[in-house]
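Below is protein.txt, which holds compact mmCIF, N, CA and C atoms.
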# COMPACT_ATOMS: atom_id res chain seq x y z
N MET X 1037 62.79 -21.18 18.40
CA MET X 1037 63.53 -20.91 17.19
C MET X 1037 62.61 -20.24 16.17
N VAL X 1038 63.12 -19.23 15.49
CA VAL X 1038 62.33 -18.49 14.52
C VAL X 1038 62.50 -19.14 13.15
N GLU X 1039 61.38 -19.40 12.48
CA GLU X 1039 61.38 -20.00 11.16
C GLU X 1039 61.75 -18.94 10.12
N ARG X 1040 62.55 -19.31 9.12
CA ARG X 1040 62.93 -18.38 8.06
C ARG X 1040 61.71 -18.10 7.18
N VAL X 1041 61.53 -16.85 6.82
CA VAL X 1041 60.43 -16.44 5.95
C VAL X 1041 60.98 -15.57 4.83
N SER X 1042 60.21 -15.43 3.78
CA SER X 1042 60.67 -14.63 2.64
C SER X 1042 60.54 -13.15 2.92
N ARG X 1043 61.26 -12.36 2.15
CA ARG X 1043 61.19 -10.91 2.26
C ARG X 1043 59.78 -10.41 2.01
N GLY X 1044 59.09 -11.01 1.03
CA GLY X 1044 57.72 -10.63 0.72
C GLY X 1044 56.77 -10.88 1.87
N GLU X 1045 56.96 -11.99 2.58
CA GLU X 1045 56.13 -12.28 3.74
C GLU X 1045 56.36 -11.26 4.84
N VAL X 1046 57.60 -10.87 5.02
CA VAL X 1046 57.91 -9.86 6.04
C VAL X 1046 57.25 -8.54 5.68
N ILE X 1047 57.33 -8.14 4.41
CA ILE X 1047 56.73 -6.88 3.97
C ILE X 1047 55.22 -6.91 4.16
N ALA X 1048 54.58 -8.02 3.77
CA ALA X 1048 53.13 -8.14 3.92
C ALA X 1048 52.74 -8.04 5.39
N PHE X 1049 53.50 -8.69 6.24
CA PHE X 1049 53.20 -8.63 7.67
C PHE X 1049 53.41 -7.23 8.22
N ARG X 1050 54.50 -6.55 7.80
CA ARG X 1050 54.78 -5.20 8.29
C ARG X 1050 53.65 -4.25 7.90
N LEU X 1051 53.16 -4.39 6.67
CA LEU X 1051 52.07 -3.51 6.25
C LEU X 1051 50.80 -3.80 7.04
N ALA X 1052 50.58 -5.05 7.39
CA ALA X 1052 49.38 -5.43 8.13
C ALA X 1052 49.46 -5.06 9.60
N SER X 1053 50.66 -4.90 10.13
CA SER X 1053 50.79 -4.67 11.57
C SER X 1053 51.76 -3.55 11.88
N HIS X 1054 51.60 -2.43 11.21
CA HIS X 1054 52.55 -1.32 11.33
C HIS X 1054 52.75 -0.87 12.78
N ASN X 1055 51.69 -0.71 13.52
CA ASN X 1055 51.82 -0.23 14.91
C ASN X 1055 52.59 -1.21 15.77
N LEU X 1056 52.34 -2.50 15.59
CA LEU X 1056 53.04 -3.51 16.37
C LEU X 1056 54.53 -3.49 16.08
N SER X 1057 54.90 -3.29 14.82
CA SER X 1057 56.32 -3.32 14.46
C SER X 1057 57.09 -2.16 15.06
N GLU X 1058 56.42 -1.07 15.35
CA GLU X 1058 57.10 0.07 15.95
C GLU X 1058 57.41 -0.18 17.42
N ARG X 1059 56.63 -1.05 18.07
CA ARG X 1059 56.84 -1.33 19.48
C ARG X 1059 57.78 -2.49 19.73
N LEU X 1060 57.90 -3.41 18.77
CA LEU X 1060 58.77 -4.57 18.93
C LEU X 1060 59.95 -4.46 17.99
N GLY X 1061 61.05 -5.07 18.35
CA GLY X 1061 62.18 -5.16 17.44
C GLY X 1061 61.89 -6.19 16.37
N THR X 1062 62.70 -6.23 15.32
CA THR X 1062 62.46 -7.14 14.20
C THR X 1062 62.43 -8.60 14.66
N GLY X 1063 63.38 -9.02 15.49
CA GLY X 1063 63.43 -10.41 15.95
C GLY X 1063 62.20 -10.79 16.74
N GLU X 1064 61.78 -9.90 17.66
CA GLU X 1064 60.58 -10.17 18.46
C GLU X 1064 59.34 -10.21 17.58
N LEU X 1065 59.28 -9.32 16.59
CA LEU X 1065 58.14 -9.27 15.69
C LEU X 1065 58.02 -10.56 14.90
N LEU X 1066 59.13 -11.05 14.34
CA LEU X 1066 59.10 -12.28 13.55
C LEU X 1066 58.77 -13.48 14.43
N ALA X 1067 59.29 -13.50 15.65
CA ALA X 1067 58.98 -14.60 16.56
C ALA X 1067 57.49 -14.63 16.89
N ALA X 1068 56.92 -13.47 17.18
CA ALA X 1068 55.50 -13.38 17.50
C ALA X 1068 54.66 -13.78 16.29
N ALA X 1069 55.05 -13.33 15.13
CA ALA X 1069 54.30 -13.65 13.91
C ALA X 1069 54.38 -15.14 13.61
N GLY X 1070 55.55 -15.72 13.81
CA GLY X 1070 55.72 -17.15 13.56
C GLY X 1070 54.87 -17.99 14.48
N ARG X 1071 54.74 -17.57 15.74
CA ARG X 1071 53.94 -18.32 16.70
C ARG X 1071 52.45 -18.31 16.34
N CYS X 1072 51.97 -17.22 15.78
CA CYS X 1072 50.54 -17.16 15.50
C CYS X 1072 50.21 -17.41 14.03
N GLY X 1073 51.19 -17.72 13.19
CA GLY X 1073 50.93 -18.05 11.80
C GLY X 1073 50.58 -16.86 10.92
N THR X 1074 50.78 -15.64 11.41
CA THR X 1074 50.39 -14.45 10.67
C THR X 1074 51.16 -14.30 9.36
N LEU X 1075 52.45 -14.60 9.36
CA LEU X 1075 53.23 -14.43 8.14
C LEU X 1075 52.72 -15.31 7.01
N ARG X 1076 52.34 -16.52 7.34
CA ARG X 1076 51.89 -17.44 6.31
C ARG X 1076 50.51 -17.07 5.75
N SER X 1077 49.68 -16.40 6.54
CA SER X 1077 48.34 -16.08 6.09
C SER X 1077 48.21 -14.68 5.51
N ALA X 1078 49.26 -13.86 5.62
CA ALA X 1078 49.19 -12.49 5.09
C ALA X 1078 49.24 -12.51 3.57
N SER X 1079 48.36 -11.74 2.95
CA SER X 1079 48.37 -11.67 1.49
C SER X 1079 49.36 -10.61 1.03
N MET X 1080 49.92 -10.81 -0.16
CA MET X 1080 50.85 -9.83 -0.70
C MET X 1080 50.08 -8.58 -1.10
N PRO X 1081 50.63 -7.42 -0.76
CA PRO X 1081 49.96 -6.17 -1.12
C PRO X 1081 50.02 -5.93 -2.63
N THR X 1082 49.04 -5.21 -3.12
CA THR X 1082 49.00 -4.84 -4.54
C THR X 1082 48.80 -3.34 -4.62
N GLY X 1083 48.88 -2.81 -5.82
CA GLY X 1083 48.60 -1.40 -6.03
C GLY X 1083 49.84 -0.52 -5.94
N VAL X 1084 49.61 0.75 -6.16
CA VAL X 1084 50.67 1.76 -6.15
C VAL X 1084 50.19 2.93 -5.30
N ARG X 1085 51.05 3.42 -4.44
CA ARG X 1085 50.74 4.58 -3.62
C ARG X 1085 51.95 5.52 -3.61
N LEU X 1086 51.66 6.80 -3.59
CA LEU X 1086 52.71 7.80 -3.42
C LEU X 1086 52.72 8.18 -1.95
N LEU X 1087 53.76 7.78 -1.25
CA LEU X 1087 53.88 8.10 0.17
C LEU X 1087 54.58 9.45 0.31
N PRO X 1088 54.12 10.29 1.22
CA PRO X 1088 54.75 11.60 1.40
C PRO X 1088 56.12 11.47 2.07
N PRO X 1089 56.95 12.49 1.97
CA PRO X 1089 58.22 12.47 2.70
C PRO X 1089 57.96 12.28 4.20
N GLY X 1090 58.73 11.44 4.83
CA GLY X 1090 58.57 11.22 6.26
C GLY X 1090 57.42 10.32 6.64
N ASP X 1091 56.83 9.61 5.68
CA ASP X 1091 55.73 8.70 5.99
C ASP X 1091 56.18 7.68 7.04
N PRO X 1092 55.33 7.34 8.00
CA PRO X 1092 55.73 6.39 9.05
C PRO X 1092 56.23 5.05 8.52
N TYR X 1093 55.74 4.60 7.36
CA TYR X 1093 56.19 3.31 6.83
C TYR X 1093 57.70 3.30 6.57
N ILE X 1094 58.25 4.42 6.11
CA ILE X 1094 59.69 4.43 5.82
C ILE X 1094 60.53 4.86 7.01
N GLN X 1095 59.90 5.14 8.13
CA GLN X 1095 60.65 5.56 9.32
C GLN X 1095 61.03 4.37 10.21
N THR X 1096 60.95 3.19 9.67
CA THR X 1096 61.27 1.98 10.42
C THR X 1096 62.77 1.88 10.71
N ARG X 1097 63.10 1.13 11.74
CA ARG X 1097 64.51 0.96 12.10
C ARG X 1097 65.20 -0.07 11.21
N ASP X 1098 64.47 -1.03 10.69
CA ASP X 1098 65.07 -2.06 9.86
C ASP X 1098 64.93 -1.72 8.37
N ARG X 1099 65.69 -0.74 7.95
CA ARG X 1099 65.61 -0.22 6.59
C ARG X 1099 65.91 -1.27 5.53
N ASP X 1100 66.78 -2.22 5.85
CA ASP X 1100 67.13 -3.26 4.87
C ASP X 1100 65.93 -4.11 4.48
N THR X 1101 64.90 -4.15 5.31
CA THR X 1101 63.72 -4.94 5.01
C THR X 1101 62.89 -4.31 3.91
N ILE X 1102 62.87 -2.98 3.83
CA ILE X 1102 61.97 -2.34 2.86
C ILE X 1102 62.69 -1.71 1.67
N VAL X 1103 63.99 -1.44 1.78
CA VAL X 1103 64.74 -0.85 0.67
C VAL X 1103 66.11 -1.50 0.59
N GLU X 1104 66.48 -1.91 -0.62
CA GLU X 1104 67.80 -2.51 -0.80
C GLU X 1104 68.88 -1.48 -0.52
N LYS X 1105 70.00 -1.95 0.03
CA LYS X 1105 71.09 -1.07 0.46
C LYS X 1105 71.51 -0.03 -0.59
N PRO X 1106 71.69 -0.41 -1.87
CA PRO X 1106 72.15 0.59 -2.85
C PRO X 1106 71.18 1.76 -3.04
N ARG X 1107 69.91 1.59 -2.69
CA ARG X 1107 68.89 2.63 -2.90
C ARG X 1107 68.57 3.43 -1.65
N GLN X 1108 69.14 3.05 -0.52
CA GLN X 1108 68.79 3.71 0.73
C GLN X 1108 69.15 5.19 0.75
N ARG X 1109 70.24 5.56 0.13
CA ARG X 1109 70.62 6.99 0.10
C ARG X 1109 69.64 7.82 -0.73
N ASP X 1110 68.98 7.18 -1.70
CA ASP X 1110 67.98 7.89 -2.49
C ASP X 1110 66.72 8.18 -1.67
N VAL X 1111 66.39 7.27 -0.75
CA VAL X 1111 65.16 7.39 0.04
C VAL X 1111 65.37 8.26 1.27
N TRP X 1112 66.45 8.01 2.02
CA TRP X 1112 66.68 8.71 3.28
C TRP X 1112 67.76 9.76 3.08
N LYS X 1113 67.35 10.97 2.76
CA LYS X 1113 68.28 12.08 2.58
C LYS X 1113 68.24 12.95 3.83
N MET X 1114 69.38 13.52 4.15
CA MET X 1114 69.46 14.38 5.34
C MET X 1114 68.64 15.66 5.17
N VAL X 1115 68.68 16.22 3.96
CA VAL X 1115 67.96 17.46 3.68
C VAL X 1115 67.10 17.24 2.43
N GLY X 1116 65.88 17.67 2.47
CA GLY X 1116 65.02 17.59 1.29
C GLY X 1116 64.63 16.18 0.92
N ALA X 1117 64.16 15.40 1.88
CA ALA X 1117 63.78 14.01 1.63
C ALA X 1117 62.64 13.95 0.61
N PRO X 1118 62.73 13.00 -0.33
CA PRO X 1118 61.66 12.85 -1.32
C PRO X 1118 60.52 12.01 -0.77
N GLY X 1119 59.40 12.02 -1.48
CA GLY X 1119 58.35 11.06 -1.20
C GLY X 1119 58.78 9.73 -1.81
N THR X 1120 58.10 8.65 -1.46
CA THR X 1120 58.45 7.35 -2.00
C THR X 1120 57.26 6.74 -2.73
N ILE X 1121 57.59 5.84 -3.64
CA ILE X 1121 56.57 5.12 -4.40
C ILE X 1121 56.50 3.71 -3.82
N LEU X 1122 55.33 3.34 -3.35
CA LEU X 1122 55.10 2.00 -2.82
C LEU X 1122 54.32 1.24 -3.89
N ALA X 1123 54.95 0.24 -4.50
CA ALA X 1123 54.32 -0.56 -5.54
C ALA X 1123 54.38 -2.03 -5.16
N ALA X 1124 53.23 -2.65 -5.05
CA ALA X 1124 53.14 -4.07 -4.66
C ALA X 1124 53.88 -4.34 -3.36
N GLY X 1125 53.80 -3.40 -2.43
CA GLY X 1125 54.39 -3.59 -1.12
C GLY X 1125 55.86 -3.29 -1.01
N GLU X 1126 56.48 -2.85 -2.08
CA GLU X 1126 57.92 -2.55 -2.05
C GLU X 1126 58.16 -1.10 -2.45
N ILE X 1127 59.18 -0.50 -1.88
CA ILE X 1127 59.56 0.85 -2.28
C ILE X 1127 60.17 0.74 -3.67
N ALA X 1128 59.48 1.33 -4.64
CA ALA X 1128 59.86 1.18 -6.05
C ALA X 1128 60.51 2.43 -6.63
N GLY X 1129 60.61 3.49 -5.83
CA GLY X 1129 61.22 4.71 -6.34
C GLY X 1129 60.91 5.89 -5.43
N THR X 1130 61.30 7.07 -5.91
CA THR X 1130 61.06 8.29 -5.16
C THR X 1130 60.36 9.30 -6.06
N TRP X 1131 59.77 10.31 -5.45
CA TRP X 1131 59.12 11.37 -6.21
C TRP X 1131 59.30 12.71 -5.51
N ARG X 1132 59.29 13.74 -6.33
CA ARG X 1132 59.34 15.12 -5.85
C ARG X 1132 58.35 15.93 -6.67
N ALA X 1133 57.75 16.90 -6.04
CA ALA X 1133 56.78 17.75 -6.73
C ALA X 1133 57.24 19.20 -6.66
N ARG X 1134 57.04 19.91 -7.75
CA ARG X 1134 57.30 21.34 -7.74
C ARG X 1134 56.14 22.02 -8.48
N ARG X 1135 55.80 23.17 -7.98
CA ARG X 1135 54.66 23.88 -8.53
C ARG X 1135 55.12 25.16 -9.19
N LYS X 1136 54.57 25.43 -10.34
CA LYS X 1136 54.83 26.68 -11.04
C LYS X 1136 53.48 27.19 -11.53
N GLY X 1137 53.04 28.28 -10.92
CA GLY X 1137 51.71 28.79 -11.23
C GLY X 1137 50.67 27.79 -10.76
N HIS X 1138 49.79 27.39 -11.68
CA HIS X 1138 48.75 26.41 -11.34
C HIS X 1138 49.12 25.01 -11.82
N ALA X 1139 50.35 24.83 -12.26
CA ALA X 1139 50.79 23.51 -12.75
C ALA X 1139 51.69 22.84 -11.71
N LEU X 1140 51.51 21.54 -11.56
CA LEU X 1140 52.34 20.74 -10.66
C LEU X 1140 53.12 19.75 -11.50
N THR X 1141 54.43 19.75 -11.35
CA THR X 1141 55.27 18.80 -12.06
C THR X 1141 55.86 17.83 -11.04
N MET X 1142 55.62 16.55 -11.27
CA MET X 1142 56.17 15.52 -10.39
C MET X 1142 57.29 14.81 -11.12
N THR X 1143 58.45 14.79 -10.48
CA THR X 1143 59.59 14.05 -11.03
C THR X 1143 59.67 12.73 -10.27
N VAL X 1144 59.61 11.64 -11.03
CA VAL X 1144 59.57 10.30 -10.46
C VAL X 1144 60.84 9.56 -10.87
N ALA X 1145 61.58 9.06 -9.88
CA ALA X 1145 62.77 8.24 -10.13
C ALA X 1145 62.42 6.81 -9.72
N VAL X 1146 62.34 5.93 -10.70
CA VAL X 1146 61.96 4.54 -10.46
C VAL X 1146 63.22 3.70 -10.31
N PHE X 1147 63.25 2.83 -9.30
CA PHE X 1147 64.42 2.01 -9.04
C PHE X 1147 64.56 0.86 -10.03
N GLY X 1148 63.49 0.32 -10.49
CA GLY X 1148 63.51 -0.79 -11.45
C GLY X 1148 62.66 -0.41 -12.63
N SER X 1149 61.52 -1.07 -12.73
CA SER X 1149 60.57 -0.71 -13.78
C SER X 1149 59.16 -0.84 -13.22
N LEU X 1150 58.26 -0.10 -13.81
CA LEU X 1150 56.85 -0.17 -13.46
C LEU X 1150 56.08 -0.64 -14.68
N SER X 1151 55.08 -1.47 -14.47
CA SER X 1151 54.24 -1.92 -15.58
C SER X 1151 53.39 -0.74 -16.06
N ASP X 1152 52.78 -0.90 -17.21
CA ASP X 1152 51.89 0.15 -17.73
C ASP X 1152 50.74 0.39 -16.76
N ARG X 1153 50.22 -0.68 -16.18
CA ARG X 1153 49.12 -0.55 -15.21
C ARG X 1153 49.59 0.23 -13.98
N GLN X 1154 50.78 -0.08 -13.47
CA GLN X 1154 51.30 0.63 -12.31
C GLN X 1154 51.52 2.11 -12.63
N ARG X 1155 52.00 2.40 -13.83
CA ARG X 1155 52.20 3.80 -14.23
C ARG X 1155 50.86 4.54 -14.31
N SER X 1156 49.83 3.84 -14.77
CA SER X 1156 48.51 4.45 -14.86
C SER X 1156 47.97 4.77 -13.46
N VAL X 1157 48.13 3.85 -12.53
CA VAL X 1157 47.69 4.08 -11.15
C VAL X 1157 48.51 5.20 -10.53
N LEU X 1158 49.80 5.23 -10.83
CA LEU X 1158 50.67 6.30 -10.32
C LEU X 1158 50.19 7.67 -10.82
N ARG X 1159 49.78 7.72 -12.08
CA ARG X 1159 49.24 8.98 -12.62
C ARG X 1159 47.97 9.40 -11.88
N ASP X 1160 47.11 8.43 -11.56
CA ASP X 1160 45.90 8.73 -10.79
C ASP X 1160 46.26 9.28 -9.41
N GLU X 1161 47.25 8.66 -8.77
CA GLU X 1161 47.71 9.15 -7.46
C GLU X 1161 48.25 10.58 -7.59
N ALA X 1162 49.01 10.84 -8.65
CA ALA X 1162 49.57 12.18 -8.86
C ALA X 1162 48.45 13.20 -9.06
N ASP X 1163 47.39 12.82 -9.77
CA ASP X 1163 46.25 13.73 -9.96
C ASP X 1163 45.59 14.08 -8.63
N GLN X 1164 45.53 13.11 -7.72
CA GLN X 1164 44.96 13.37 -6.40
C GLN X 1164 45.82 14.36 -5.61
N ILE X 1165 47.14 14.20 -5.72
CA ILE X 1165 48.04 15.15 -5.05
C ILE X 1165 47.88 16.53 -5.67
N GLY X 1166 47.74 16.58 -6.99
CA GLY X 1166 47.53 17.85 -7.68
C GLY X 1166 46.26 18.54 -7.19
N ALA X 1167 45.20 17.77 -7.00
CA ALA X 1167 43.95 18.35 -6.49
C ALA X 1167 44.14 18.90 -5.08
N LEU X 1168 44.87 18.17 -4.25
CA LEU X 1168 45.13 18.64 -2.88
C LEU X 1168 45.94 19.93 -2.87
N ARG X 1169 46.80 20.08 -3.87
CA ARG X 1169 47.66 21.27 -3.94
C ARG X 1169 47.06 22.34 -4.84
N ASP X 1170 45.79 22.16 -5.21
CA ASP X 1170 45.06 23.13 -6.01
C ASP X 1170 45.73 23.41 -7.35
N ALA X 1171 46.26 22.36 -7.98
CA ALA X 1171 46.90 22.51 -9.29
C ALA X 1171 45.89 22.16 -10.38
N SER X 1172 45.83 22.94 -11.42
CA SER X 1172 44.91 22.66 -12.51
C SER X 1172 45.50 21.69 -13.52
N ASP X 1173 46.82 21.54 -13.50
CA ASP X 1173 47.49 20.64 -14.44
C ASP X 1173 48.59 19.88 -13.69
N VAL X 1174 48.66 18.56 -13.93
CA VAL X 1174 49.68 17.73 -13.29
C VAL X 1174 50.46 17.03 -14.40
N GLU X 1175 51.76 17.19 -14.36
CA GLU X 1175 52.65 16.53 -15.32
C GLU X 1175 53.61 15.63 -14.56
N ILE X 1176 53.88 14.44 -15.12
CA ILE X 1176 54.82 13.51 -14.50
C ILE X 1176 56.01 13.33 -15.43
N GLU X 1177 57.20 13.50 -14.87
CA GLU X 1177 58.45 13.26 -15.61
C GLU X 1177 59.10 12.03 -14.98
N PHE X 1178 59.33 10.99 -15.80
CA PHE X 1178 59.93 9.75 -15.30
C PHE X 1178 61.45 9.78 -15.54
N ASP X 1179 62.20 9.46 -14.50
CA ASP X 1179 63.64 9.25 -14.60
C ASP X 1179 63.86 7.75 -14.43
N GLY X 1180 64.32 7.06 -15.44
CA GLY X 1180 64.56 5.62 -15.36
C GLY X 1180 63.28 4.83 -15.43
N GLY X 1181 63.43 3.47 -15.40
CA GLY X 1181 62.30 2.54 -15.38
C GLY X 1181 61.33 2.78 -16.48
The structure given in the file should be rewritten as structure tokens.
Amino acid sequence: MVERVSRGEVIAFRLASHNLSERLGTGELLAAAGRCGTLRSASMPTGVRLLPPGDPYIQTRDRDTIVEKPRQRDVWKMVGAPGTILAAGEIAGTWRARRKGHALTMTVAVFGSLSDRQRSVLRDEADQIGALRDASDVEIEFDGG
């Protein structure tokens, strides 16, 4: 019998064992984790990351585990999929970048709210993307949150 675990424990375990989760179904993964105590010992993730469109983390089969149903259409679009914001182990929003000249503008749609610290880290992440895209200026436009 599989022991019930919290959504946060599942997310922490998924982040710690991404390759394993792709090979096993959700039920088998939870059963294996329960047998070895991994869910109980996994620490909750912290920080903010901007994941690119099509990142393997969001390509999971059990979408309900990482994104609430009302937001799934925002994350998984048929055409022009956005990047996602991973904050404290949860998908916290989406982002898109557009370049004009040497300036990069990132439009960020937050599903809930981000703390000032998370917004600051998000700006640092955006600056790194700007450097990769050879942009001399990076601007962030927030929609919501």
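Taking only N, CA and C atoms into account, Asp1091 of chain X lies nearest to X:Pro1118 out of the set X:Ala1133, X:Pro1106, X:Val1146, X:Pro1118.
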Using 3 Å of padding on each side, determine the axis-aligned box around all atoms of segment 1083-1094 of chain X present in the file and give its centre and edge lengths in Å to one decimal, as AutoDock Vina command-line options.
--center_x 54.6 --center_y 4.8 --center_z 1.4 --size_x 17.9 --size_y 21.3 --size_z 21.2
As an exercise, work out the distance from atom C of Glu1161 of chain X to atom C of Arg1085 of chain X in Å and give it to one decimal place.
7.4 Å
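Distances to Tyr1093 of chain X were evaluated for X:Ser1079, X:Gly1125, X:Lys1136, X:Val1115 using only C-alpha atoms, and the minimum falls at X:Gly1125.
Within the 6 Å cut-off around Thr1143 of chain X, using only C-alpha atoms and omitting residues fewer than 4 positions from it on the same chain, the listed residues are Trp1131, Arg1132, Ile1176 and Glu1177 of chain X.
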Okay, now the selection with N, CA and C atoms, as a PDB file, in the coordinates of the input?
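Writing the result to out_26.pdb gives the following:
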ATOM      1  N   TRP X1131      59.770  10.310  -5.450  1.00  0.00           N
ATOM      2  CA  TRP X1131      59.120  11.370  -6.210  1.00  0.00           C
ATOM      3  C   TRP X1131      59.300  12.710  -5.510  1.00  0.00           C
ATOM      4  N   ARG X1132      59.290  13.740  -6.330  1.00  0.00           N
ATOM      5  CA  ARG X1132      59.340  15.120  -5.850  1.00  0.00           C
ATOM      6  C   ARG X1132      58.350  15.930  -6.670  1.00  0.00           C
ATOM      7  N   ILE X1176      53.880  14.440 -15.120  1.00  0.00           N
ATOM      8  CA  ILE X1176      54.820  13.510 -14.500  1.00  0.00           C
ATOM      9  C   ILE X1176      56.010  13.330 -15.430  1.00  0.00           C
ATOM     10  N   GLU X1177      57.200  13.500 -14.870  1.00  0.00           N
ATOM     11  CA  GLU X1177      58.450  13.260 -15.610  1.00  0.00           C
ATOM     12  C   GLU X1177      59.100  12.030 -14.980  1.00  0.00           C
TER      13      GLU X1177
END
Taking into account all atoms listed in the file, which residue in the set X:Ala1128, X:Asp1098, X:Glu1104, X:Val1111 is nearest to Ser1149 of chain X?
X:Ala1128
Just checking: using only C-alpha atoms, which residue out of X:Ala1124, X:Met1080, X:Leu1158, X:Val1103 ends up closest to Phe1178 of chain X?
X:Leu1158
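Pairwise distance (atom CA of Ala1117 of chain X, atom CA of Gln1095 of chain X) equals 11.8 Å.
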For Ala1123 of chain X, the nearest of the candidates X:Leu1086, X:Ile1165, X:Ile1094, X:Val1144, counting all atoms listed in the file:
X:Leu1086
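The two atoms in question, atom C of Phe1147 of chain X and atom C of Asp1110 of chain X, are spaced 11.3 Å apart.
Considering the residues X:Ala1162, X:Ile1102, X:Met1142, X:Val1157 and counting all atoms listed in the file, Glu1126 of chain X has its shortest atom-to-atom contact with X:Ile1102.
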Could you give me, as JSON, numbers by chain, each residue of segment 1079-1113 of chain X that DSSP assigns to alpha helix (DSSP H) when run on this structure's backbone?
{"X": [1099, 1100, 1101, 1102, 1108, 1109, 1110, 1111]}
